[in-house]
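**Student:** After the structure tokens below, expect a handful of questions from me.
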Amino acid sequence: MSVAPGGAGLAIETSRLSKSFGARRAVNNLDLAVPHGSVFGFLGPNGSGKTTTIRMLLGLATPTSGSITVLGRPMPAAGRDVLPRVGALVEGPAFYPFLCGRANLLRLDAANPRANAADRRRRVDRALDTVGLGKAAGLAVRAYSLGMKQRLGIANALATDHELLILDEPTNGLDPQGTREVRHLIASLAGAGTTVFISSHLLSEIEQVCTHAAVMSNGNRVAQGTLADLRAAGSATVVIDTPDDGGALAVLSRLGLVPGGNAAGGDSGGAGTGGKLLGGEAAGGGSGVVRALLPDDGPAPEAIVAALVEAGVRVRGFALERPSLEDRFVALTGEGFDIER
Amino acid sequence: MNGSGLLVSELALVFRRRRTWAMLAALGAVPVLVAVAVRLTSGPPSGRGPAFLDRVAGNGLFVAIVGMFLCIPLFLPLTISVVSGDTIAGEAGLGTLRYLLIAPVSRARLLLVKYLGAVAFCLAAALVVAVVGIGIGLALFPAGPVALLSGDTLSLGQSYLRIALMAVYVAVSLCGLAAIGLFISTLTDVPVGAMAATAVLSVAAQILGQLPQLDWLHPWLFTHHWFGFADLLREPILWTSLGQNALLQAGYVLVFGALAYGRLGTKDILS
């Protein structure tokens, strides 16, 4: 499921990239391949090494071992040439609280030796308008809400045209409208040819805009590929609404399905195809929902229904649930709440 | 193309902060207090108090000079410690350091620009004491030619120039401390810690300078020539001591600038 290797066509490529802090290995032998023009979701729970990886991509931290190529040049060695072509939001926005939003962006823009000073104000104002901060631009940042700071951080990444945007948790702290705007923004940037690399622990947000993704767990990359690849990698679950659960289970077992199924699929809230079926539980009269994992080489769904009916099982509903990316994510990274070390 | 853009931005950053203005106001208050106190108690000079205090009532220009004498041991180093200790640690604490570095600013250039910002503050601080001193002195006391330590007198115009030179001397004297603050600032993400450590060093160096057992060390202390601006009140000016001071401060700037680069240049920015 990995993207084709080779330098050409990759906006970011890392090879056996590792970073240790003392005895702790924050990133372990990471191979990333981010194609040009893709919207690449970089997924993983908190503490899985996403931000450390981004810091290394941007030359803020030096890798313990391994190599990084960004826009065809080695990092951090070629930072002077690479970084002006990269816009980034790293571990949340950070600004001078005593300066207004516009002054903050002007300062960071002045720090970019490739940014044109002549149209600095115009570019900054345009970026502020893009993220909806046009009216709040003159307000000191200390008066901004987290969501406004996040927007300002995105505006900073947009003040000059970049070939690559690296956005670390861009929707963190945004309200639902803000989240949707960011998604639209990313889609329109990607449409214009910008490669967008977004890290997130909230899959539902990324799933809608990404073309590719990699999943991190505890410093290791546990999956990488196109979104379609990642989704297909999970097997489907058969969900049957029936009052005769015993009979249904017997039939499913005989057909080679594994009863129980993908439990996580049940609470993903409509990501699958069979969400409505769950209402059957309220119908009463011994009604139940039977789930079973359908192996990739299992029988066709219509054959299952036929077998059920033949065995006298009363079928009130039948559905095939494909795991959402979220289910895959949980399957790959584990459900534990504790940060793994 | 716009290499100076960041420097302009840095100066604006330093001088747009309310904190900077509060510190400059506090420094300006020193000569005002001196002048008002002398005016209210205008008896015969007691001979006690800082150098030149007894001359204030006779010539208002001396308020500026007394002000600098009073500020150089503590108030000026404190404010310089705040500004120089904040240089890198302040950016790290806010998180803006990472955004500057990926803007991108090279780490060497960032250190240079940050240091120049601190030096600009040194100059502004010394000038504030001098200018406010002259202003309040002229308002409360007569002004006239300044009698020098060497017995000559300077015309009023010459006297202004001398006071300006003294302010520059004071600013130069503080450059070494600012470099030390810059280095300490690269060691931490907590600006207050860097400020305090720098201030402590400025006091410690002065205490060491008071110990006769450490005579051999004294010429190497960055505080050694801090009071040397009195040499500007001689005719002709004793340029050698001014030169020695400049050389000493330049040495501190080089050493601690290199240390700061050695530290920041290889540091993982995790703030």
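We name chains A, B, ... following the order of the structure tokens; residues begin at 1 in each chain, and ligands are numbered from 1 as shown.
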Output the contact residues of chain A with respect to chain B at a cut-off of 10 Å, based on only C-alpha atoms, as a PDB file with N, CA and C atoms, in the first residue's frame.
**Tutor:**
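Written file, out04.pdb:
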ATOM      1  N   THR A  51       4.301  15.799  15.466  1.00  0.00           N
ATOM      2  CA  THR A  51       4.889  17.133  15.530  1.00  0.00           C
ATOM      3  C   THR A  51       6.410  17.078  15.479  1.00  0.00           C
ATOM      4  N   THR A  52       6.995  16.069  16.113  1.00  0.00           N
ATOM      5  CA  THR A  52       8.455  15.911  16.042  1.00  0.00           C
ATOM      6  C   THR A  52       8.878  15.725  14.586  1.00  0.00           C
ATOM      7  N   ARG A  55       8.705  19.043  12.877  1.00  0.00           N
ATOM      8  CA  ARG A  55       9.840  19.888  13.260  1.00  0.00           C
ATOM      9  C   ARG A  55      11.091  19.502  12.484  1.00  0.00           C
ATOM     10  N   MET A  56      11.274  18.214  12.261  1.00  0.00           N
ATOM     11  CA  MET A  56      12.442  17.792  11.497  1.00  0.00           C
ATOM     12  C   MET A  56      12.295  18.161  10.024  1.00  0.00           C
ATOM     13  N   LEU A  58      10.995  20.706   8.869  1.00  0.00           N
ATOM     14  CA  LEU A  58      11.209  22.149   8.728  1.00  0.00           C
ATOM     15  C   LEU A  58      12.581  22.599   9.232  1.00  0.00           C
ATOM     16  N   GLY A  59      13.406  21.649   9.646  1.00  0.00           N
ATOM     17  CA  GLY A  59      14.751  22.020  10.083  1.00  0.00           C
ATOM     18  C   GLY A  59      14.815  22.597  11.483  1.00  0.00           C
ATOM     19  N   LEU A  60      13.738  22.483  12.244  1.00  0.00           N
ATOM     20  CA  LEU A  60      13.766  23.012  13.605  1.00  0.00           C
ATOM     21  C   LEU A  60      14.477  22.043  14.540  1.00  0.00           C
ATOM     22  N   ALA A  61      14.366  20.760  14.234  1.00  0.00           N
ATOM     23  CA  ALA A  61      15.055  19.743  15.034  1.00  0.00           C
ATOM     24  C   ALA A  61      15.904  18.898  14.090  1.00  0.00           C
ATOM     25  N   THR A  62      17.036  18.465  14.587  1.00  0.00           N
ATOM     26  CA  THR A  62      17.942  17.678  13.764  1.00  0.00           C
ATOM     27  C   THR A  62      17.632  16.195  13.942  1.00  0.00           C
ATOM     28  N   PRO A  63      17.507  15.441  12.858  1.00  0.00           N
ATOM     29  CA  PRO A  63      17.239  14.011  13.000  1.00  0.00           C
ATOM     30  C   PRO A  63      18.387  13.308  13.711  1.00  0.00           C
ATOM     31  N   GLY A  79      17.783  24.360   3.880  1.00  0.00           N
ATOM     32  CA  GLY A  79      16.675  25.110   4.456  1.00  0.00           C
ATOM     33  C   GLY A  79      16.482  26.500   3.864  1.00  0.00           C
ATOM     34  N   ARG A  80      17.585  27.159   3.586  1.00  0.00           N
ATOM     35  CA  ARG A  80      17.528  28.510   3.049  1.00  0.00           C
ATOM     36  C   ARG A  80      16.781  28.569   1.720  1.00  0.00           C
ATOM     37  N   ASP A  81      16.897  27.494   0.914  1.00  0.00           N
ATOM     38  CA  ASP A  81      16.203  27.458  -0.369  1.00  0.00           C
ATOM     39  C   ASP A  81      14.816  26.840  -0.255  1.00  0.00           C
ATOM     40  N   VAL A  82      14.695  25.888   0.652  1.00  0.00           N
ATOM     41  CA  VAL A  82      13.441  25.145   0.736  1.00  0.00           C
ATOM     42  C   VAL A  82      12.379  25.923   1.516  1.00  0.00           C
ATOM     43  N   LEU A  83      12.761  26.471   2.675  1.00  0.00           N
ATOM     44  CA  LEU A  83      11.757  27.037   3.573  1.00  0.00           C
ATOM     45  C   LEU A  83      10.955  28.197   2.979  1.00  0.00           C
ATOM     46  N   PRO A  84      11.557  29.072   2.151  1.00  0.00           N
ATOM     47  CA  PRO A  84      10.704  30.117   1.555  1.00  0.00           C
ATOM     48  C   PRO A  84       9.589  29.557   0.679  1.00  0.00           C
ATOM     49  N   ARG A  85       9.735  28.303   0.235  1.00  0.00           N
ATOM     50  CA  ARG A  85       8.707  27.700  -0.616  1.00  0.00           C
ATOM     51  C   ARG A  85       7.691  26.913   0.201  1.00  0.00           C
ATOM     52  N   VAL A  86       7.869  26.918   1.520  1.00  0.00           N
ATOM     53  CA  VAL A  86       6.993  26.127   2.394  1.00  0.00           C
ATOM     54  C   VAL A  86       6.282  27.050   3.386  1.00  0.00           C
ATOM     55  N   GLY A  87       4.973  26.917   3.460  1.00  0.00           N
ATOM     56  CA  GLY A  87       4.227  27.619   4.498  1.00  0.00           C
ATOM     57  C   GLY A  87       3.881  26.615   5.578  1.00  0.00           C
ATOM     58  N   ALA A  88       3.903  27.049   6.819  1.00  0.00           N
ATOM     59  CA  ALA A  88       3.701  26.042   7.857  1.00  0.00           C
ATOM     60  C   ALA A  88       2.992  26.582   9.083  1.00  0.00           C
ATOM     61  N   LEU A  89       2.300  25.688   9.721  1.00  0.00           N
ATOM     62  CA  LEU A  89       1.688  25.918  11.026  1.00  0.00           C
ATOM     63  C   LEU A  89       2.229  24.780  11.878  1.00  0.00           C
ATOM     64  N   VAL A  90       3.023  25.112  12.892  1.00  0.00           N
ATOM     65  CA  VAL A  90       3.674  24.065  13.687  1.00  0.00           C
ATOM     66  C   VAL A  90       3.191  24.121  15.126  1.00  0.00           C
ATOM     67  N   GLU A  91       2.643  23.049  15.591  1.00  0.00           N
ATOM     68  CA  GLU A  91       2.211  22.925  16.969  1.00  0.00           C
ATOM     69  C   GLU A  91       1.458  24.159  17.448  1.00  0.00           C
ATOM     70  N   GLY A  92       0.441  24.478  16.711  1.00  0.00           N
ATOM     71  CA  GLY A  92      -0.392  25.592  17.141  1.00  0.00           C
ATOM     72  C   GLY A  92       0.201  26.936  16.771  1.00  0.00           C
ATOM     73  N   PRO A  93      -0.643  27.948  16.722  1.00  0.00           N
ATOM     74  CA  PRO A  93      -0.171  29.281  16.362  1.00  0.00           C
ATOM     75  C   PRO A  93       0.612  29.909  17.509  1.00  0.00           C
ATOM     76  N   ALA A  94       1.535  30.791  17.197  1.00  0.00           N
ATOM     77  CA  ALA A  94       2.282  31.502  18.244  1.00  0.00           C
ATOM     78  C   ALA A  94       2.526  32.922  17.757  1.00  0.00           C
ATOM     79  N   PHE A  95       2.131  33.882  18.577  1.00  0.00           N
ATOM     80  CA  PHE A  95       2.248  35.274  18.166  1.00  0.00           C
ATOM     81  C   PHE A  95       2.652  36.157  19.331  1.00  0.00           C
ATOM     82  N   TYR A  96       3.048  37.383  19.006  1.00  0.00           N
ATOM     83  CA  TYR A  96       3.340  38.367  20.044  1.00  0.00           C
ATOM     84  C   TYR A  96       2.018  38.922  20.536  1.00  0.00           C
ATOM     85  N   PRO A  97       1.660  38.678  21.795  1.00  0.00           N
ATOM     86  CA  PRO A  97       0.328  39.065  22.261  1.00  0.00           C
ATOM     87  C   PRO A  97       0.106  40.576  22.266  1.00  0.00           C
ATOM     88  N   PHE A  98       1.211  41.325  22.347  1.00  0.00           N
ATOM     89  CA  PHE A  98       1.048  42.780  22.448  1.00  0.00           C
ATOM     90  C   PHE A  98       0.979  43.448  21.081  1.00  0.00           C
ATOM     91  N   LEU A  99       1.177  42.675  20.015  1.00  0.00           N
ATOM     92  CA  LEU A  99       1.038  43.246  18.670  1.00  0.00           C
ATOM     93  C   LEU A  99      -0.323  42.847  18.105  1.00  0.00           C
ATOM     94  N   ALA A 103       0.210  43.289  12.513  1.00  0.00           N
ATOM     95  CA  ALA A 103       1.620  43.553  12.818  1.00  0.00           C
ATOM     96  C   ALA A 103       2.393  42.245  13.002  1.00  0.00           C
ATOM     97  N   ASN A 104       1.741  41.248  13.574  1.00  0.00           N
ATOM     98  CA  ASN A 104       2.377  39.944  13.729  1.00  0.00           C
ATOM     99  C   ASN A 104       2.734  39.358  12.369  1.00  0.00           C
ATOM    100  N   LEU A 106       3.073  40.943   9.562  1.00  0.00           N
ATOM    101  CA  LEU A 106       4.074  41.779   8.886  1.00  0.00           C
ATOM    102  C   LEU A 106       5.469  41.435   9.389  1.00  0.00           C
ATOM    103  N   ARG A 107       5.581  41.178  10.695  1.00  0.00           N
ATOM    104  CA  ARG A 107       6.903  40.844  11.228  1.00  0.00           C
ATOM    105  C   ARG A 107       7.403  39.518  10.667  1.00  0.00           C
ATOM    106  N   LEU A 108       6.555  38.506  10.683  1.00  0.00           N
ATOM    107  CA  LEU A 108       7.001  37.207  10.179  1.00  0.00           C
ATOM    108  C   LEU A 108       7.291  37.287   8.683  1.00  0.00           C
ATOM    109  N   ASP A 109       6.542  38.113   7.985  1.00  0.00           N
ATOM    110  CA  ASP A 109       6.798  38.267   6.555  1.00  0.00           C
ATOM    111  C   ASP A 109       8.125  38.986   6.323  1.00  0.00           C
ATOM    112  N   ALA A 110       8.420  39.951   7.200  1.00  0.00           N
ATOM    113  CA  ALA A 110       9.701  40.666   7.075  1.00  0.00           C
ATOM    114  C   ALA A 110      10.871  39.726   7.327  1.00  0.00           C
ATOM    115  N   ALA A 111      10.602  38.648   8.071  1.00  0.00           N
ATOM    116  CA  ALA A 111      11.669  37.696   8.368  1.00  0.00           C
ATOM    117  C   ALA A 111      11.985  36.808   7.170  1.00  0.00           C
ATOM    118  N   ASN A 112      11.093  36.763   6.202  1.00  0.00           N
ATOM    119  CA  ASN A 112      11.308  35.926   5.020  1.00  0.00           C
ATOM    120  C   ASN A 112      12.101  36.705   3.979  1.00  0.00           C
ATOM    121  N   PRO A 113      13.350  36.319   3.737  1.00  0.00           N
ATOM    122  CA  PRO A 113      14.181  37.111   2.829  1.00  0.00           C
ATOM    123  C   PRO A 113      13.671  37.094   1.384  1.00  0.00           C
ATOM    124  N   ARG A 114      12.822  36.118   1.056  1.00  0.00           N
ATOM    125  CA  ARG A 114      12.330  36.050  -0.327  1.00  0.00           C
ATOM    126  C   ARG A 114      11.007  36.794  -0.503  1.00  0.00           C
ATOM    127  N   ALA A 115      10.401  37.225   0.598  1.00  0.00           N
ATOM    128  CA  ALA A 115       9.109  37.903   0.474  1.00  0.00           C
ATOM    129  C   ALA A 115       9.336  39.333  -0.020  1.00  0.00           C
ATOM    130  N   ASN A 116       8.496  39.749  -0.932  1.00  0.00           N
ATOM    131  CA  ASN A 116       8.634  41.075  -1.512  1.00  0.00           C
ATOM    132  C   ASN A 116       8.112  42.134  -0.544  1.00  0.00           C
ATOM    133  N   ALA A 117       8.998  43.056  -0.154  1.00  0.00           N
ATOM    134  CA  ALA A 117       8.608  44.072   0.825  1.00  0.00           C
ATOM    135  C   ALA A 117       7.606  45.060   0.233  1.00  0.00           C
ATOM    136  N   ALA A 118       7.676  45.245  -1.075  1.00  0.00           N
ATOM    137  CA  ALA A 118       6.862  46.292  -1.699  1.00  0.00           C
ATOM    138  C   ALA A 118       5.361  46.016  -1.542  1.00  0.00           C
ATOM    139  N   GLY A 153      -2.703  32.009  12.304  1.00  0.00           N
ATOM    140  CA  GLY A 153      -1.593  31.124  11.952  1.00  0.00           C
ATOM    141  C   GLY A 153      -1.714  30.637  10.517  1.00  0.00           C
ATOM    142  N   ASN A 156      -0.833  33.371   8.164  1.00  0.00           N
ATOM    143  CA  ASN A 156       0.622  33.513   8.047  1.00  0.00           C
ATOM    144  C   ASN A 156       1.177  32.567   6.995  1.00  0.00           C
ATOM    145  N   ALA A 157       0.629  31.361   6.970  1.00  0.00           N
ATOM    146  CA  ALA A 157       1.112  30.388   5.987  1.00  0.00           C
ATOM    147  C   ALA A 157       0.678  30.760   4.581  1.00  0.00           C
TER     148      ALA A 157
END
**Student:** Give the strand (DSSP E or B) residues of stretch 103-216 of chain B, as assigned by DSSP on the backbone, as a PDB file with N, CA and C atoms, in the first residue's frame.
**Tutor:**
ATOM      1  N   VAL B 146      30.372  74.287  31.523  1.00  0.00           N
ATOM      2  CA  VAL B 146      30.681  73.244  32.488  1.00  0.00           C
ATOM      3  C   VAL B 146      32.157  73.291  32.856  1.00  0.00           C
ATOM      4  N   ALA B 147      32.408  73.353  34.175  1.00  0.00           N
ATOM      5  CA  ALA B 147      33.790  73.313  34.638  1.00  0.00           C
ATOM      6  C   ALA B 147      34.245  71.859  34.686  1.00  0.00           C
ATOM      7  N   THR B 153      37.045  74.999  31.242  1.00  0.00           N
ATOM      8  CA  THR B 153      35.593  75.067  31.142  1.00  0.00           C
ATOM      9  C   THR B 153      35.187  74.852  29.696  1.00  0.00           C
ATOM     10  N   LEU B 154      33.994  74.259  29.550  1.00  0.00           N
ATOM     11  CA  LEU B 154      33.452  74.001  28.220  1.00  0.00           C
ATOM     12  C   LEU B 154      32.310  74.954  27.971  1.00  0.00           C
TER      13      LEU B 154
END
**Student:** Give me the residues within 8 Å of B:Gly209 as a PyMOL selection string, counting only C-alpha atoms and dropping any in the same chain fewer than 5 places off.
**Tutor:** chain B and resi 214-215+217-218+221+223-224
**Student:** Could you save those same residues with N, CA and C atoms as a PDB file, in the first residue's frame?
**Tutor:**
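The new file again24.pdb reads:
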ATOM      1  N   LEU B 214      41.259  40.414  44.242  1.00  0.00           N
ATOM      2  CA  LEU B 214      41.086  39.956  42.858  1.00  0.00           C
ATOM      3  C   LEU B 214      41.580  41.003  41.866  1.00  0.00           C
ATOM      4  N   ASP B 215      42.563  41.767  42.256  1.00  0.00           N
ATOM      5  CA  ASP B 215      43.089  42.835  41.403  1.00  0.00           C
ATOM      6  C   ASP B 215      43.372  42.376  39.981  1.00  0.00           C
ATOM      7  N   LEU B 217      41.996  40.238  38.294  1.00  0.00           N
ATOM      8  CA  LEU B 217      40.780  39.952  37.510  1.00  0.00           C
ATOM      9  C   LEU B 217      40.101  41.234  37.015  1.00  0.00           C
ATOM     10  N   HIS B 218      40.266  42.297  37.791  1.00  0.00           N
ATOM     11  CA  HIS B 218      39.473  43.506  37.539  1.00  0.00           C
ATOM     12  C   HIS B 218      39.490  44.020  36.110  1.00  0.00           C
ATOM     13  N   LEU B 221      36.819  42.339  33.937  1.00  0.00           N
ATOM     14  CA  LEU B 221      35.391  42.393  34.251  1.00  0.00           C
ATOM     15  C   LEU B 221      34.700  43.384  33.327  1.00  0.00           C
ATOM     16  N   THR B 223      32.361  45.122  33.924  1.00  0.00           N
ATOM     17  CA  THR B 223      31.919  46.296  34.680  1.00  0.00           C
ATOM     18  C   THR B 223      33.077  47.243  35.003  1.00  0.00           C
ATOM     19  N   HIS B 224      34.299  46.841  34.616  1.00  0.00           N
ATOM     20  CA  HIS B 224      35.492  47.553  35.084  1.00  0.00           C
ATOM     21  C   HIS B 224      35.482  49.042  34.730  1.00  0.00           C
TER      22      HIS B 224
END
**Student:** One decimal, Å: what's the distance from atom CA of B:Cys71 over to atom CA of B:Leu259, could you say?
**Tutor:**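 If I compute the distance from atom CA of B:Cys71 to atom CA of B:Leu259, I get 28.4 Å.
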**Student:** In terms of the shortest atom-to-atom distance over only C-alpha atoms, which of A:Arg122, A:Arg221, A:Arg291, A:Arg102 is closest to A:Gly138?
**Tutor:** A:Arg102
**Student:** Can you tell me, as a list in words, what residues are no more than 10 Å from A:Leu57 when counting only C-alpha atoms, ignoring any on the same chain fewer than 6 positions away?
**Tutor:**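 Listed by chain and then number, they are Ile12, Glu13, Thr14, Thr51, Pro63, Ser67, Ile68, Thr69, Val70, Pro74, Met75, Pro76, Gly79, Leu83 and Ile166 of chain A.
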**Student:** So, counting only C-alpha atoms, which residue among A:Ala77, A:Ala223, A:Leu325, A:Ala11 is closest to A:Glu205?
**Tutor:** A:Leu325
**Student:** Nearest to A:Ala248 among A:Arg314, A:Arg151, A:His162, A:Arg123, with distances taken over only C-alpha atoms: which residue is it?
**Tutor:**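 Among A:Arg314, A:Arg151, A:His162, A:Arg123, it is A:Arg314 that comes nearest to A:Ala248.
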**Student:** Restricting the calculation to only C-alpha atoms, which member of B:Gly193, B:Gly228, B:Pro219, B:Gly151 is positioned closest to B:Ser241?
**Tutor:** B:Gly228
**Student:** Can you work out the spacing between atom CA of A:Phe197 and atom CA of A:Thr171 in Å, to one decimal?
**Tutor:** 13.3 Å
**Student:** Which residues are close to A:Thr237, i.e. within 8 Å by only C-alpha atoms, leaving aside same-chain residues fewer than 4 positions away? Reply as a list in words.
**Tutor:**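 Those residues are Gly261, Asn262, Arg291, Ala292, Leu293, Leu294, Leu320, Glu321, Arg322 and Pro323 of chain A.
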**Student:** Export C-alpha atoms of the chosen residues as a CSV table (one decimal), in the first residue's frame?
**Tutor:**
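What ended up in again07.csv:
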chain,number,residue,atom,x,y,z
A,261,GLY,CA,-17.4,-8.4,13.7
A,262,ASN,CA,-15.8,-5.1,13.9
A,291,ARG,CA,-22.6,-8.8,13.4
A,292,ALA,CA,-19.9,-10.8,11.7
A,293,LEU,CA,-16.7,-10.0,9.9
A,294,LEU,CA,-16.7,-10.8,6.2
A,320,LEU,CA,-22.6,-4.4,4.7
A,321,GLU,CA,-20.4,-2.0,6.7
A,322,ARG,CA,-17.1,-0.9,5.4
A,323,PRO,CA,-14.9,0.4,8.2
**Student:** Can you work out the spacing between atom CA of A:Arg142 and atom CA of B:Leu76 in Å, to one decimal?
**Tutor:**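 Separation of atom CA of A:Arg142 and atom CA of B:Leu76: 29.1 Å.
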**Student:** Write out as a PyMOL selection string all residues of stretch 110-207 of chain B that DSSP puts in alpha helix (DSSP H) for this structure's backbone.
**Tutor:** chain B and resi 110-140+156-173+175-185+191-207
**Student:** I need the residues from that last selection saved to file as a PDB file, in the first residue's frame (with C-alpha atoms), if you can.
**Tutor:**
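Once everything was written out, this is again_16.pdb:
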ATOM      1  CA  LEU B 110      18.385  36.136  14.121  1.00  0.00           C
ATOM      2  CA  LEU B 111      21.029  36.421  16.845  1.00  0.00           C
ATOM      3  CA  LEU B 112      22.560  39.446  15.142  1.00  0.00           C
ATOM      4  CA  VAL B 113      19.237  41.217  14.712  1.00  0.00           C
ATOM      5  CA  LYS B 114      18.154  40.399  18.257  1.00  0.00           C
ATOM      6  CA  TYR B 115      21.473  41.669  19.611  1.00  0.00           C
ATOM      7  CA  LEU B 116      21.255  44.883  17.620  1.00  0.00           C
ATOM      8  CA  GLY B 117      17.797  45.410  19.081  1.00  0.00           C
ATOM      9  CA  ALA B 118      19.240  45.082  22.586  1.00  0.00           C
ATOM     10  CA  VAL B 119      22.091  47.477  21.745  1.00  0.00           C
ATOM     11  CA  ALA B 120      19.568  49.979  20.428  1.00  0.00           C
ATOM     12  CA  PHE B 121      17.843  49.757  23.774  1.00  0.00           C
ATOM     13  CA  CYS B 122      21.173  50.348  25.610  1.00  0.00           C
ATOM     14  CA  LEU B 123      21.645  53.533  23.613  1.00  0.00           C
ATOM     15  CA  ALA B 124      18.051  54.653  24.121  1.00  0.00           C
ATOM     16  CA  ALA B 125      18.285  54.004  27.867  1.00  0.00           C
ATOM     17  CA  ALA B 126      21.480  56.026  28.271  1.00  0.00           C
ATOM     18  CA  LEU B 127      20.107  58.834  26.104  1.00  0.00           C
ATOM     19  CA  VAL B 128      16.882  58.964  28.088  1.00  0.00           C
ATOM     20  CA  VAL B 129      18.826  59.552  31.313  1.00  0.00           C
ATOM     21  CA  ALA B 130      20.968  62.221  29.637  1.00  0.00           C
ATOM     22  CA  VAL B 131      18.167  64.024  27.815  1.00  0.00           C
ATOM     23  CA  VAL B 132      15.718  63.974  30.720  1.00  0.00           C
ATOM     24  CA  GLY B 133      18.571  65.080  32.994  1.00  0.00           C
ATOM     25  CA  ILE B 134      19.378  68.032  30.771  1.00  0.00           C
ATOM     26  CA  GLY B 135      15.705  68.917  30.451  1.00  0.00           C
ATOM     27  CA  ILE B 136      14.883  68.878  34.146  1.00  0.00           C
ATOM     28  CA  GLY B 137      18.228  70.499  34.959  1.00  0.00           C
ATOM     29  CA  LEU B 138      17.542  73.424  32.662  1.00  0.00           C
ATOM     30  CA  ALA B 139      14.040  73.742  34.047  1.00  0.00           C
ATOM     31  CA  LEU B 140      15.051  73.918  37.710  1.00  0.00           C
ATOM     32  CA  LEU B 156      27.362  75.317  26.654  1.00  0.00           C
ATOM     33  CA  GLY B 157      27.333  73.805  23.166  1.00  0.00           C
ATOM     34  CA  GLN B 158      30.471  71.799  23.881  1.00  0.00           C
ATOM     35  CA  SER B 159      28.900  70.632  27.132  1.00  0.00           C
ATOM     36  CA  TYR B 160      25.857  69.166  25.360  1.00  0.00           C
ATOM     37  CA  LEU B 161      28.199  67.326  23.049  1.00  0.00           C
ATOM     38  CA  ARG B 162      30.180  65.976  26.007  1.00  0.00           C
ATOM     39  CA  ILE B 163      27.042  64.726  27.697  1.00  0.00           C
ATOM     40  CA  ALA B 164      25.966  63.028  24.484  1.00  0.00           C
ATOM     41  CA  LEU B 165      29.392  61.389  24.314  1.00  0.00           C
ATOM     42  CA  MET B 166      28.996  60.221  27.893  1.00  0.00           C
ATOM     43  CA  ALA B 167      25.671  58.635  27.016  1.00  0.00           C
ATOM     44  CA  VAL B 168      27.307  56.828  24.101  1.00  0.00           C
ATOM     45  CA  TYR B 169      30.079  55.690  26.439  1.00  0.00           C
ATOM     46  CA  VAL B 170      27.501  54.317  28.870  1.00  0.00           C
ATOM     47  CA  ALA B 171      25.716  52.519  26.031  1.00  0.00           C
ATOM     48  CA  VAL B 172      28.996  50.996  24.826  1.00  0.00           C
ATOM     49  CA  SER B 173      29.792  49.935  28.403  1.00  0.00           C
ATOM     50  CA  CYS B 175      27.209  46.081  25.189  1.00  0.00           C
ATOM     51  CA  GLY B 176      29.143  43.331  26.939  1.00  0.00           C
ATOM     52  CA  LEU B 177      26.343  42.746  29.402  1.00  0.00           C
ATOM     53  CA  ALA B 178      23.845  42.653  26.539  1.00  0.00           C
ATOM     54  CA  ALA B 179      25.956  39.956  24.833  1.00  0.00           C
ATOM     55  CA  ILE B 180      26.017  37.917  28.038  1.00  0.00           C
ATOM     56  CA  GLY B 181      22.242  38.283  28.275  1.00  0.00           C
ATOM     57  CA  LEU B 182      21.890  37.146  24.650  1.00  0.00           C
ATOM     58  CA  PHE B 183      23.901  34.006  25.389  1.00  0.00           C
ATOM     59  CA  ILE B 184      21.994  33.177  28.559  1.00  0.00           C
ATOM     60  CA  SER B 185      18.807  33.749  26.617  1.00  0.00           C
ATOM     61  CA  PRO B 191      12.717  34.628  29.622  1.00  0.00           C
ATOM     62  CA  VAL B 192      12.400  35.620  33.280  1.00  0.00           C
ATOM     63  CA  GLY B 193      15.136  33.155  34.188  1.00  0.00           C
ATOM     64  CA  ALA B 194      17.500  34.583  31.598  1.00  0.00           C
ATOM     65  CA  MET B 195      16.735  38.143  32.747  1.00  0.00           C
ATOM     66  CA  ALA B 196      17.390  37.313  36.379  1.00  0.00           C
ATOM     67  CA  ALA B 197      20.606  35.430  35.650  1.00  0.00           C
ATOM     68  CA  THR B 198      21.930  38.328  33.578  1.00  0.00           C
ATOM     69  CA  ALA B 199      21.073  40.855  36.275  1.00  0.00           C
ATOM     70  CA  VAL B 200      22.748  38.703  38.916  1.00  0.00           C
ATOM     71  CA  LEU B 201      25.910  38.526  36.824  1.00  0.00           C
ATOM     72  CA  SER B 202      26.038  42.308  36.485  1.00  0.00           C
ATOM     73  CA  VAL B 203      25.851  42.680  40.241  1.00  0.00           C
ATOM     74  CA  ALA B 204      28.311  39.838  40.878  1.00  0.00           C
ATOM     75  CA  ALA B 205      30.856  41.372  38.517  1.00  0.00           C
ATOM     76  CA  GLN B 206      30.650  44.668  40.395  1.00  0.00           C
ATOM     77  CA  ILE B 207      31.134  42.928  43.731  1.00  0.00           C
TER      78      ILE B 207
END
**Student:** Using only C-alpha atoms for the distances, tell me which of A:Phe318, A:Phe40, A:Phe329, A:Tyr144 is nearest to A:Thr211.
**Tutor:**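 The shortest atom-to-atom distance to A:Thr211 comes from A:Phe40.
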